[in-house]
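A.B. asks: This is input.pdb, which holds PDB, C-alpha atoms:
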```pdb
ATOM      1  CA  MET A   1       0.000   0.000   0.000
ATOM      2  CA  ILE A   2       1.432   3.364  -1.045
ATOM      3  CA  LYS A   3       1.475   5.908   1.751
ATOM      4  CA  THR A   4       0.986   9.612   1.099
ATOM      5  CA  PRO A   5       3.562  11.771   2.920
ATOM      6  CA  VAL A   6       2.526  15.011   4.602
ATOM      7  CA  CYS A   7       4.805  17.890   5.627
ATOM      8  CA  ILE A   8       3.404  21.095   7.141
ATOM      9  CA  ILE A   9       5.521  24.191   7.770
ATOM     10  CA  THR A  10       4.330  27.252   9.665
ATOM     11  CA  ALA A  11       6.131  30.604   9.960
ATOM     12  CA  ASN A  12       5.631  32.668  13.127
ATOM     13  CA  ASN A  13       2.617  30.441  13.956
ATOM     14  CA  LYS A  14       0.962  31.095  10.573
ATOM     15  CA  PRO A  15       0.617  28.667   7.632
ATOM     16  CA  LEU A  16       2.850  29.337   4.634
ATOM     17  CA  ASN A  17       0.972  31.010   1.805
ATOM     18  CA  SER A  18       0.089  28.800  -1.146
ATOM     19  CA  ILE A  19       2.663  30.459  -3.425
ATOM     20  CA  ILE A  20       5.548  29.383  -1.176
ATOM     21  CA  SER A  21       4.154  25.993  -0.124
ATOM     22  CA  LYS A  22       3.742  24.935  -3.757
ATOM     23  CA  ARG A  23       7.419  25.695  -4.363
ATOM     24  CA  ILE A  24       8.773  23.397  -1.642
ATOM     25  CA  LEU A  25      11.114  20.851  -3.246
ATOM     26  CA  SER A  26      12.412  19.241  -0.061
ATOM     27  CA  VAL A  27      12.371  19.533   3.732
ATOM     28  CA  THR A  28      14.972  17.894   5.964
ATOM     29  CA  VAL A  29      14.893  17.729   9.765
ATOM     30  CA  THR A  30      17.981  16.490  11.593
ATOM     31  CA  ASP A  31      17.286  15.364  15.152
ATOM     32  CA  ASN A  32      20.654  15.577  16.878
ATOM     33  CA  ARG A  33      21.575  14.107  20.192
ATOM     34  CA  ALA A  34      22.198  16.091  23.345
ATOM     35  CA  ASN A  35      24.230  19.283  23.010
ATOM     36  CA  GLU A  36      23.886  19.773  19.243
ATOM     37  CA  ALA A  37      21.086  21.942  17.899
ATOM     38  CA  ASP A  38      18.435  20.217  15.782
ATOM     39  CA  GLU A  39      18.431  21.482  12.196
ATOM     40  CA  LEU A  40      15.819  22.265   9.560
ATOM     41  CA  SER A  41      16.554  22.754   5.856
ATOM     42  CA  ILE A  42      13.970  23.790   3.244
ATOM     43  CA  VAL A  43      14.671  23.992  -0.497
ATOM     44  CA  LEU A  44      12.343  26.147  -2.642
ATOM     45  CA  ASP A  45      11.940  26.273  -6.424
ATOM     46  CA  ASP A  46      12.866  29.760  -7.680
ATOM     47  CA  SER A  47      13.234  28.904 -11.352
ATOM     48  CA  ASP A  48      11.159  31.955 -12.354
ATOM     49  CA  GLY A  49      13.007  34.269  -9.946
ATOM     50  CA  ALA A  50       9.784  35.416  -8.295
ATOM     51  CA  LEU A  51      10.755  34.688  -4.683
ATOM     52  CA  GLU A  52      12.397  37.126  -2.296
ATOM     53  CA  LEU A  53      15.124  35.891   0.031
ATOM     54  CA  PRO A  54      13.479  34.962   3.367
ATOM     55  CA  LYS A  55      14.319  36.992   6.455
ATOM     56  CA  ARG A  56      16.548  35.582   9.153
ATOM     57  CA  GLY A  57      15.040  35.303  12.633
ATOM     58  CA  VAL A  58      11.685  33.892  11.494
ATOM     59  CA  ARG A  59      10.357  31.099  13.733
ATOM     60  CA  LEU A  60       9.419  27.955  11.804
ATOM     61  CA  ASN A  61       7.599  24.839  12.950
ATOM     62  CA  CYS A  62       7.697  21.530  11.090
ATOM     63  CA  GLN A  63       5.309  18.578  11.282
ATOM     64  CA  MET A  64       5.792  15.357   9.319
ATOM     65  CA  GLY A  65       3.821  12.176   8.828
ATOM     66  CA  PHE A  66       1.609  10.212   6.467
ATOM     67  CA  LYS A  67      -1.982  10.846   5.502
ATOM     68  CA  GLY A  68      -4.323   8.990   7.843
ATOM     69  CA  GLU A  69      -1.555   8.237  10.369
ATOM     70  CA  GLY A  70      -1.258  11.564  12.157
ATOM     71  CA  LEU A  71       1.496  14.164  12.202
ATOM     72  CA  HIS A  72       4.597  14.366  14.409
ATOM     73  CA  ASP A  73       5.847  17.728  15.642
ATOM     74  CA  LYS A  74       9.558  17.942  14.830
ATOM     75  CA  GLY A  75      10.101  21.165  16.737
ATOM     76  CA  ASP A  76      10.514  24.919  16.400
ATOM     77  CA  PHE A  77      13.419  26.461  14.549
ATOM     78  CA  ILE A  78      14.832  29.954  13.965
ATOM     79  CA  VAL A  79      16.021  30.844  10.441
ATOM     80  CA  ASP A  80      19.730  31.668  10.642
ATOM     81  CA  GLU A  81      20.893  31.210   7.039
ATOM     82  CA  THR A  82      19.471  31.697   3.545
ATOM     83  CA  GLU A  83      21.109  30.748   0.260
ATOM     84  CA  TRP A  84      20.276  31.403  -3.403
ATOM     85  CA  SER A  85      21.854  29.093  -5.965
ATOM     86  CA  GLY A  86      21.493  28.039  -9.591
ATOM     87  CA  THR A  87      21.054  26.642 -12.145
ATOM     88  CA  PRO A  88      18.219  25.677 -11.655
ATOM     89  CA  ASP A  89      17.511  28.587  -9.340
ATOM     90  CA  GLN A  90      16.719  27.475  -5.804
ATOM     91  CA  ILE A  91      16.489  29.102  -2.388
ATOM     92  CA  THR A  92      17.665  27.114   0.628
ATOM     93  CA  ILE A  93      16.501  28.088   4.102
ATOM     94  CA  LYS A  94      18.452  26.762   7.072
ATOM     95  CA  ALA A  95      17.263  27.002  10.653
ATOM     96  CA  SER A  96      18.389  25.757  14.066
ATOM     97  CA  SER A  97      16.531  24.756  17.234
ATOM     98  CA  ALA A  98      14.797  27.836  18.597
ATOM     99  CA  ASN A  99      16.134  27.487  22.158
ATOM    100  CA  PHE A 100      19.760  27.482  20.981
ATOM    101  CA  LYS A 101      19.290  31.094  19.859
ATOM    102  CA  SER A 102      18.735  32.400  23.397
ATOM    103  CA  ASN A 103      21.335  33.831  25.784
ATOM    104  CA  ILE A 104      21.895  30.360  27.224
ATOM    105  CA  LYS A 105      25.043  30.352  25.026
ATOM    106  CA  GLU A 106      26.450  33.602  26.479
ATOM    107  CA  ALA A 107      29.605  33.268  28.597
ATOM    108  CA  LYS A 108      29.438  34.218  32.288
ATOM    109  CA  SER A 109      31.277  33.580  35.556
ATOM    110  CA  LYS A 110      29.680  32.197  38.699
ATOM    111  CA  SER A 111      30.288  29.671  41.470
ATOM    112  CA  TYR A 112      27.994  27.069  43.027
ATOM    113  CA  HIS A 113      28.860  25.699  46.468
ATOM    114  CA  ARG A 114      27.309  22.633  48.051
ATOM    115  CA  LYS A 115      24.492  22.389  45.526
ATOM    116  CA  THR A 116      22.798  19.401  43.939
ATOM    117  CA  PHE A 117      22.792  18.897  40.186
ATOM    118  CA  GLY A 118      19.046  19.472  40.289
ATOM    119  CA  GLU A 119      19.361  22.827  42.093
ATOM    120  CA  ILE A 120      21.852  24.132  39.533
ATOM    121  CA  ALA A 121      19.759  22.883  36.594
ATOM    122  CA  THR A 122      16.570  24.365  38.087
ATOM    123  CA  GLU A 123      18.162  27.792  38.492
ATOM    124  CA  ILE A 124      19.480  27.799  34.923
ATOM    125  CA  ALA A 125      16.161  26.570  33.503
ATOM    126  CA  GLN A 126      14.267  29.346  35.305
ATOM    127  CA  ASN A 127      16.746  31.996  34.127
ATOM    128  CA  HIS A 128      16.088  31.007  30.515
ATOM    129  CA  GLU A 129      12.347  30.351  30.850
ATOM    130  CA  LEU A 130      12.713  26.634  30.194
ATOM    131  CA  THR A 131      10.842  23.726  31.763
ATOM    132  CA  LEU A 132      13.267  21.342  33.450
ATOM    133  CA  VAL A 133      12.707  17.632  32.799
ATOM    134  CA  MET A 134      15.125  15.545  34.863
ATOM    135  CA  THR A 135      14.963  12.300  36.833
ATOM    136  CA  ALA A 136      15.004  12.416  40.630
ATOM    137  CA  ALA A 137      18.208  10.356  40.729
ATOM    138  CA  LEU A 138      20.118  12.884  38.642
ATOM    139  CA  LYS A 139      18.611  15.822  40.546
ATOM    140  CA  ALA A 140      19.849  14.353  43.835
ATOM    141  CA  ILE A 141      23.536  14.182  42.824
ATOM    142  CA  SER A 142      25.512  16.267  45.312
ATOM    143  CA  LEU A 143      28.180  18.599  43.909
ATOM    144  CA  SER A 144      30.729  20.000  46.353
ATOM    145  CA  HIS A 145      31.910  23.069  44.422
ATOM    146  CA  ILE A 146      31.450  24.109  40.799
ATOM    147  CA  ASP A 147      33.174  27.079  39.159
ATOM    148  CA  GLN A 148      31.687  28.548  35.994
ATOM    149  CA  THR A 149      34.493  30.727  34.617
ATOM    150  CA  ASN A 150      33.792  32.586  31.373
ATOM    151  CA  GLU A 151      31.537  29.688  30.429
ATOM    152  CA  SER A 152      27.977  29.629  29.102
ATOM    153  CA  ASP A 153      25.116  28.017  31.018
ATOM    154  CA  LEU A 154      24.743  25.612  28.092
ATOM    155  CA  ASN A 155      28.378  24.509  28.289
ATOM    156  CA  LEU A 156      28.239  24.222  32.093
ATOM    157  CA  LEU A 157      25.243  21.874  31.925
ATOM    158  CA  GLN A 158      26.915  19.848  29.180
ATOM    159  CA  ARG A 159      30.027  19.482  31.351
ATOM    160  CA  LEU A 160      28.118  18.491  34.489
ATOM    161  CA  ALA A 161      25.936  16.055  32.543
ATOM    162  CA  LYS A 162      28.927  14.330  30.964
ATOM    163  CA  GLN A 163      30.742  14.021  34.302
ATOM    164  CA  ASN A 164      27.689  12.334  35.793
ATOM    165  CA  GLY A 165      26.814   9.868  33.035
ATOM    166  CA  ALA A 166      24.040  11.998  31.578
ATOM    167  CA  GLU A 167      23.120  13.840  28.396
ATOM    168  CA  MET A 168      21.705  17.346  28.127
ATOM    169  CA  ALA A 169      19.419  18.725  25.424
ATOM    170  CA  VAL A 170      17.265  21.810  24.924
ATOM    171  CA  LYS A 171      14.153  21.071  22.840
ATOM    172  CA  LYS A 172      10.706  22.643  22.533
ATOM    173  CA  ASP A 173      11.261  25.043  25.465
ATOM    174  CA  ARG A 174      12.345  22.185  27.715
ATOM    175  CA  LEU A 175      15.705  21.562  29.354
ATOM    176  CA  LEU A 176      16.187  17.787  29.233
ATOM    177  CA  ILE A 177      18.782  16.045  31.384
ATOM    178  CA  PHE A 178      18.730  12.260  31.180
ATOM    179  CA  THR A 179      20.923   9.191  31.658
ATOM    180  CA  ALA A 180      23.011   8.619  28.536
ATOM    181  CA  GLY A 181      22.133   5.520  26.538
ATOM    182  CA  SER A 182      19.335   4.538  28.900
ATOM    183  CA  ALA A 183      16.575   4.323  26.241
ATOM    184  CA  LYS A 184      14.409   6.347  28.609
ATOM    185  CA  THR A 185      12.805   9.762  28.408
ATOM    186  CA  ALA A 186      14.238  12.604  30.494
ATOM    187  CA  SER A 187      11.444  11.989  33.023
ATOM    188  CA  GLY A 188      12.539   8.353  33.381
ATOM    189  CA  LYS A 189       9.853   6.583  31.337
ATOM    190  CA  ASP A 190      10.816   3.739  28.991
ATOM    191  CA  LEU A 191      10.851   4.642  25.306
ATOM    192  CA  PRO A 192       9.030   2.129  23.057
ATOM    193  CA  THR A 193      11.350  -0.250  21.204
ATOM    194  CA  ILE A 194      11.078  -0.191  17.404
ATOM    195  CA  THR A 195      12.048  -3.287  15.411
ATOM    196  CA  LEU A 196      13.826  -2.880  12.061
ATOM    197  CA  THR A 197      14.573  -5.669   9.588
ATOM    198  CA  ARG A 198      16.564  -5.745   6.354
ATOM    199  CA  ASN A 199      13.274  -5.190   4.531
ATOM    200  CA  SER A 200      12.842  -1.882   6.406
ATOM    201  CA  GLY A 201      15.551  -0.183   4.362
ATOM    202  CA  ASP A 202      17.592  -0.401   1.210
ATOM    203  CA  GLN A 203      21.041   0.577   2.524
ATOM    204  CA  PHE A 204      22.823  -0.096   5.805
ATOM    205  CA  ARG A 205      26.311   0.036   7.276
ATOM    206  CA  TYR A 206      27.806  -1.560  10.398
ATOM    207  CA  SER A 207      31.173  -0.612  11.851
ATOM    208  CA  GLU A 208      33.217  -1.253  14.951
ATOM    209  CA  GLN A 209      35.341   1.641  16.141
ATOM    210  CA  ASP A 210      38.661   1.287  17.893
ATOM    211  CA  ARG A 211      39.469   4.870  18.843
ATOM    212  CA  GLU A 212      38.943   4.652  22.581
ATOM    213  CA  SER A 213      37.005   1.410  22.739
ATOM    214  CA  ASP A 214      40.140  -0.632  23.483
ATOM    215  CA  HIS A 215      40.575   1.174  26.796
ATOM    216  CA  THR A 216      39.991  -1.194  29.693
ATOM    217  CA  GLY A 217      39.469   1.489  32.318
ATOM    218  CA  VAL A 218      39.212   5.206  33.104
ATOM    219  CA  SER A 219      40.909   6.968  36.008
ATOM    220  CA  ALA A 220      40.194  10.317  37.651
ATOM    221  CA  SER A 221      42.026  12.302  40.333
ATOM    222  CA  TYR A 222      40.468  13.981  43.354
ATOM    223  CA  GLN A 223      41.696  16.038  46.288
ATOM    224  CA  ASP A 224      41.639  14.136  49.570
ATOM    225  CA  THR A 225      41.284  16.963  52.087
ATOM    226  CA  GLY A 226      41.888  14.623  55.031
ATOM    227  CA  LYS A 227      45.294  13.522  53.735
ATOM    228  CA  ALA A 228      45.994  16.841  51.963
ATOM    229  CA  LYS A 229      47.013  15.069  48.766
ATOM    230  CA  ARG A 230      45.663  13.905  45.424
ATOM    231  CA  GLU A 231      44.214  10.418  45.145
ATOM    232  CA  LYS A 232      43.032   8.418  42.123
ATOM    233  CA  VAL A 233      40.079   6.174  41.356
ATOM    234  CA  VAL A 234      39.650   3.768  38.430
ATOM    235  CA  ALA A 235      36.453   2.615  36.720
ATOM    236  CA  GLY A 236      36.736  -0.615  34.754
ATOM    237  CA  ASP A 237      39.866  -2.765  34.713
ATOM    238  CA  LYS A 238      43.574  -2.086  34.895
ATOM    239  CA  GLY A 239      45.507  -2.296  31.653
ATOM    240  CA  LYS A 240      45.065   0.439  29.074
ATOM    241  CA  VAL A 241      43.615   3.173  31.284
ATOM    242  CA  LYS A 242      42.491   6.594  30.066
ATOM    243  CA  HIS A 243      43.045   9.428  32.583
ATOM    244  CA  LEU A 244      40.569  12.308  32.829
ATOM    245  CA  LYS A 245      41.966  15.836  32.948
ATOM    246  CA  GLY A 246      41.642  18.006  36.034
ATOM    247  CA  THR A 247      41.139  17.273  39.713
ATOM    248  CA  PHE A 248      37.699  16.616  41.179
ATOM    249  CA  SER A 249      36.535  17.983  44.538
ATOM    250  CA  ASN A 250      36.028  14.606  46.196
ATOM    251  CA  LYS A 251      36.105  10.848  45.673
ATOM    252  CA  ALA A 252      32.380  10.528  44.808
ATOM    253  CA  GLU A 253      32.601  13.082  41.990
ATOM    254  CA  ALA A 254      35.755  11.425  40.607
ATOM    255  CA  GLU A 255      34.078   8.002  40.689
ATOM    256  CA  ARG A 256      30.981   9.286  38.860
ATOM    257  CA  ALA A 257      33.065  11.007  36.176
ATOM    258  CA  SER A 258      35.315   7.994  35.518
ATOM    259  CA  ALA A 259      32.323   5.616  35.445
ATOM    260  CA  ALA A 260      30.486   7.931  33.033
ATOM    261  CA  LYS A 261      33.461   8.067  30.664
ATOM    262  CA  MET A 262      33.879   4.284  30.808
ATOM    263  CA  ALA A 263      30.198   3.844  29.915
ATOM    264  CA  GLU A 264      30.594   6.314  27.022
ATOM    265  CA  ILE A 265      33.562   4.360  25.656
ATOM    266  CA  LYS A 266      31.556   1.125  25.774
ATOM    267  CA  ARG A 267      28.612   2.741  23.961
ATOM    268  CA  GLN A 268      30.895   3.888  21.152
ATOM    269  CA  MET A 269      32.203   0.440  20.342
ATOM    270  CA  ALA A 270      29.711  -0.226  17.530
ATOM    271  CA  LYS A 271      27.817   1.953  15.042
ATOM    272  CA  PHE A 272      25.015   1.150  12.605
ATOM    273  CA  SER A 273      23.279   3.311  10.004
ATOM    274  CA  ILE A 274      20.276   2.485   7.849
ATOM    275  CA  ASN A 275      18.254   4.274   5.165
ATOM    276  CA  LEU A 276      14.598   3.419   5.697
ATOM    277  CA  ALA A 277      12.374   2.902   2.671
ATOM    278  CA  TYR A 278       9.462   4.577   4.473
ATOM    279  CA  GLY A 279      10.092   7.394   6.921
ATOM    280  CA  LEU A 280       9.473   6.977  10.630
ATOM    281  CA  PRO A 281       9.000  10.603  11.741
ATOM    282  CA  GLU A 282       8.013   9.459  15.239
ATOM    283  CA  ILE A 283      11.574   8.264  15.904
ATOM    284  CA  SER A 284      13.849  10.629  17.815
ATOM    285  CA  THR A 285      17.239  10.377  19.473
ATOM    286  CA  GLU A 286      17.592   7.902  22.367
ATOM    287  CA  SER A 287      14.837   5.652  20.938
ATOM    288  CA  PRO A 288      15.739   1.960  21.469
ATOM    289  CA  ILE A 289      15.984  -0.084  18.269
ATOM    290  CA  LYS A 290      15.914  -3.868  17.814
ATOM    291  CA  LEU A 291      17.557  -5.156  14.630
ATOM    292  CA  GLU A 292      16.470  -8.445  13.053
ATOM    293  CA  GLY A 293      17.724 -10.324   9.989
ATOM    294  CA  PHE A 294      21.249  -8.934   9.962
ATOM    295  CA  LYS A 295      24.356 -10.762  11.195
ATOM    296  CA  THR A 296      23.965 -12.484  14.571
ATOM    297  CA  GLU A 297      26.561 -10.270  16.266
ATOM    298  CA  VAL A 298      24.669  -7.198  15.038
ATOM    299  CA  ASP A 299      21.178  -8.400  16.005
ATOM    300  CA  LYS A 300      22.207  -9.302  19.564
ATOM    301  CA  LEU A 301      23.418  -5.798  20.439
ATOM    302  CA  LYS A 302      21.162  -3.250  22.126
ATOM    303  CA  TRP A 303      20.895  -0.209  19.879
ATOM    304  CA  ILE A 304      19.732   3.356  20.482
ATOM    305  CA  VAL A 305      19.288   6.238  18.036
ATOM    306  CA  GLU A 306      22.200   8.668  18.015
ATOM    307  CA  LYS A 307      20.853  10.819  15.166
ATOM    308  CA  ALA A 308      17.688  10.746  13.030
ATOM    309  CA  THR A 309      17.414  12.565   9.691
ATOM    310  CA  HIS A 310      13.887  12.857   8.260
ATOM    311  CA  SER A 311      13.571  14.011   4.649
ATOM    312  CA  TYR A 312      10.469  15.012   2.698
ATOM    313  CA  ALA A 313      10.834  15.411  -1.065
ATOM    314  CA  LYS A 314       8.208  16.529  -3.520
ATOM    315  CA  SER A 315       9.344  13.758  -5.852
ATOM    316  CA  GLY A 316      10.464  11.087  -3.418
ATOM    317  CA  GLY A 317       8.116  10.872  -0.453
ATOM    318  CA  LEU A 318       9.212  10.772   3.183
ATOM    319  CA  THR A 319      12.327   8.864   4.232
ATOM    320  CA  THR A 320      14.436   8.499   7.375
ATOM    321  CA  ILE A 321      18.150   7.852   7.888
ATOM    322  CA  LEU A 322      19.060   6.509  11.318
ATOM    323  CA  ASN A 323      22.468   6.521  12.958
ATOM    324  CA  LEU A 324      22.572   4.032  15.829
ATOM    325  CA  GLU A 325      25.082   3.163  18.509
ATOM    326  CA  ALA A 326      25.389  -0.055  20.464
ATOM    327  CA  LYS A 327      24.025  -0.132  24.001
ATOM    328  CA  ILE A 328      26.501  -2.458  25.662
ATOM    329  CA  ASN A 329      26.306  -3.121  29.373
TER     330      ASN A 329
END
```
What do you get writing this file as structure tokens?
C.D. replies:
Amino acid sequence: MIKTPVCIITANNKPLNSIISKRILSVTVTDNRANEADELSIVLDDSDGALELPKRGVRLNCQMGFKGEGLHDKGDFIVDETEWSGTPDQITIKASSANFKSNIKEAKSKSYHRKTFGEIATEIAQNHELTLVMTAALKAISLSHIDQTNESDLNLLQRLAKQNGAEMAVKKDRLLIFTAGSAKTASGKDLPTITLTRNSGDQFRYSEQDRESDHTGVSASYQDTGKAKREKVVAGDKGKVKHLKGTFSNKAEAERASAAKMAEIKRQMAKFSINLAYGLPEISTESPIKLEGFKTEVDKLKWIVEKATHSYAKSGGLTTILNLEAKIN
């Protein structure tokens, strides 16, 4: 059964006029993981030269799906780049996640003393008018002392998340902080597992990376105030050990950071990408994927979505390219 793709774009909460909507050649939404902004790209037919270059700063919303199956909101974006090219004459509009255009990226200096991760995240979310979505376990993490020196709130949260085995993302006016590779939402609910077979797509690629994945352990240093000297902790096994830069305030923070890095290294051991014949616009990053019908060593791994690229084309329907990473315990 042939499915009819649907893609709806609004500008500043208003539908595009019919002149522009009829000229849409393609729409691509890239759902990036964690600290990268999601991206929207729209290509318009300007073969008759009748279009004006769109203004930067316009707020766009994109919904994708299939007729009769409902639409999926892919987010709000702010136009930050326009391009006119030829031949044939086309106008390309590029936009990034709306929340990444706020002052959350401005550098500042501040210190936090004896705060929990949740208290710091709550304060930053309120300052930028974002709704914090974060599990209780991550909120409860105690942080002895944190210095923010000429560093943006966005970068600070990214740093704290990484040191504590979490990911951070800003999407749809929400600040999301969640356990990396957990296949759960930021609020802690399980994401539904989607099964893909070889018949689901026409191209795929599997690779095993050996950049850091041959490390057997990760070490981190901390200041032992009782002994007035630096001590070291190791997550994983002795052998080829990667050492984290800097000195942590206490043993607990050093242990969390080394364990988080060790888990990250394990997750990066295997990658898989697949071009789906029919788009799955409901899929987003962190979604758990079960593969069937590939090689046994590929099927047995636990996969999650690292990046999802959804493309609508006037001539080619709606497709999805998924980049997966292995979830290895």
A.B. asks: Hey, which of A:Thr179, A:Ser315, A:Thr296, A:Ser18 ends up closest to Glu264 of chain A? Count all atoms listed in the file.
C.D. replies: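 Smallest separation from Glu264 of chain A among the options: A:Thr179.
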A.B. asks: Could you tell me, as a PDB file with C-alpha atoms, in the frame of the given file, exactly which residues end up selected when the PyMOL selection byres ((chain A and resi 72-85) around 8) is applied to this structure?
C.D. replies:
```pdb
ATOM      1  CA  VAL A  29      14.893  17.729   9.765  1.00  0.00           C
ATOM      2  CA  GLU A  39      18.431  21.482  12.196  1.00  0.00           C
ATOM      3  CA  LEU A  40      15.819  22.265   9.560  1.00  0.00           C
ATOM      4  CA  LEU A  53      15.124  35.891   0.031  1.00  0.00           C
ATOM      5  CA  PRO A  54      13.479  34.962   3.367  1.00  0.00           C
ATOM      6  CA  LYS A  55      14.319  36.992   6.455  1.00  0.00           C
ATOM      7  CA  ARG A  56      16.548  35.582   9.153  1.00  0.00           C
ATOM      8  CA  GLY A  57      15.040  35.303  12.633  1.00  0.00           C
ATOM      9  CA  VAL A  58      11.685  33.892  11.494  1.00  0.00           C
ATOM     10  CA  ARG A  59      10.357  31.099  13.733  1.00  0.00           C
ATOM     11  CA  LEU A  60       9.419  27.955  11.804  1.00  0.00           C
ATOM     12  CA  ASN A  61       7.599  24.839  12.950  1.00  0.00           C
ATOM     13  CA  CYS A  62       7.697  21.530  11.090  1.00  0.00           C
ATOM     14  CA  GLN A  63       5.309  18.578  11.282  1.00  0.00           C
ATOM     15  CA  MET A  64       5.792  15.357   9.319  1.00  0.00           C
ATOM     16  CA  GLY A  65       3.821  12.176   8.828  1.00  0.00           C
ATOM     17  CA  GLY A  70      -1.258  11.564  12.157  1.00  0.00           C
ATOM     18  CA  LEU A  71       1.496  14.164  12.202  1.00  0.00           C
ATOM     19  CA  GLY A  86      21.493  28.039  -9.591  1.00  0.00           C
ATOM     20  CA  THR A  87      21.054  26.642 -12.145  1.00  0.00           C
ATOM     21  CA  PRO A  88      18.219  25.677 -11.655  1.00  0.00           C
ATOM     22  CA  ASP A  89      17.511  28.587  -9.340  1.00  0.00           C
ATOM     23  CA  GLN A  90      16.719  27.475  -5.804  1.00  0.00           C
ATOM     24  CA  ILE A  91      16.489  29.102  -2.388  1.00  0.00           C
ATOM     25  CA  THR A  92      17.665  27.114   0.628  1.00  0.00           C
ATOM     26  CA  ILE A  93      16.501  28.088   4.102  1.00  0.00           C
ATOM     27  CA  LYS A  94      18.452  26.762   7.072  1.00  0.00           C
ATOM     28  CA  ALA A  95      17.263  27.002  10.653  1.00  0.00           C
ATOM     29  CA  SER A  96      18.389  25.757  14.066  1.00  0.00           C
ATOM     30  CA  SER A  97      16.531  24.756  17.234  1.00  0.00           C
ATOM     31  CA  ALA A  98      14.797  27.836  18.597  1.00  0.00           C
ATOM     32  CA  LYS A 101      19.290  31.094  19.859  1.00  0.00           C
ATOM     33  CA  LYS A 171      14.153  21.071  22.840  1.00  0.00           C
ATOM     34  CA  LYS A 172      10.706  22.643  22.533  1.00  0.00           C
ATOM     35  CA  PRO A 281       9.000  10.603  11.741  1.00  0.00           C
ATOM     36  CA  GLU A 282       8.013   9.459  15.239  1.00  0.00           C
TER      37      GLU A 282
END
```
A.B. asks: Considering all atoms listed in the file, return as a PyMOL selection string whatever protein or nucleic-acid residues lie within 10 Å of Lys139 of chain A, sequence-local ones (same chain, fewer than 6 positions apart) excluded.
C.D. replies: chain A and resi 116-122+133+177
A.B. asks: Give me the residues near Ile124 of chain A as a ChimeraX atom specification, where near means some atom within 12 Å (using only C-alpha atoms) and where sequence neighbours in that chain fewer than 2 positions away do not count.
C.D. replies: /A:103-105,110,112,117-122,126-132,152-157,170,174-176
A.B. asks: Arg230 of chain A: which residues within 12 Å, counting only C-alpha atoms, same-chain residues fewer than 4 positions away excluded, as a VMD selection string?
C.D. replies: chain A and resid 220 to 226 246 to 251 254
A.B. asks: Which residue gives the smallest distance to Val27 of chain A among A:Ser41, A:Ile141, A:Glu297, A:Gly236, with only C-alpha atoms counted?
C.D. replies: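 Residue with the minimum atom-to-atom distance to Val27 of chain A: A:Ser41.
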A.B. asks: Pick from A:Ala50, A:Ile304, A:Val43, A:Val234: nearest to Ile19 of chain A, with only C-alpha atoms counted?
C.D. replies: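 The shortest atom-to-atom distance to Ile19 of chain A comes from A:Ala50.
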A.B. asks: Apply the PyMOL selection byres ((chain A and resi 113) around 8) to the displayed file and report the matching residues as a list in words.
C.D. replies: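 Taken over the shown coordinates, the PyMOL selection byres ((chain A and resi 113) around 8) returns Ser111, Tyr112, Arg114, Lys115, Leu143, Ser144, His145 and Ile146 of chain A.
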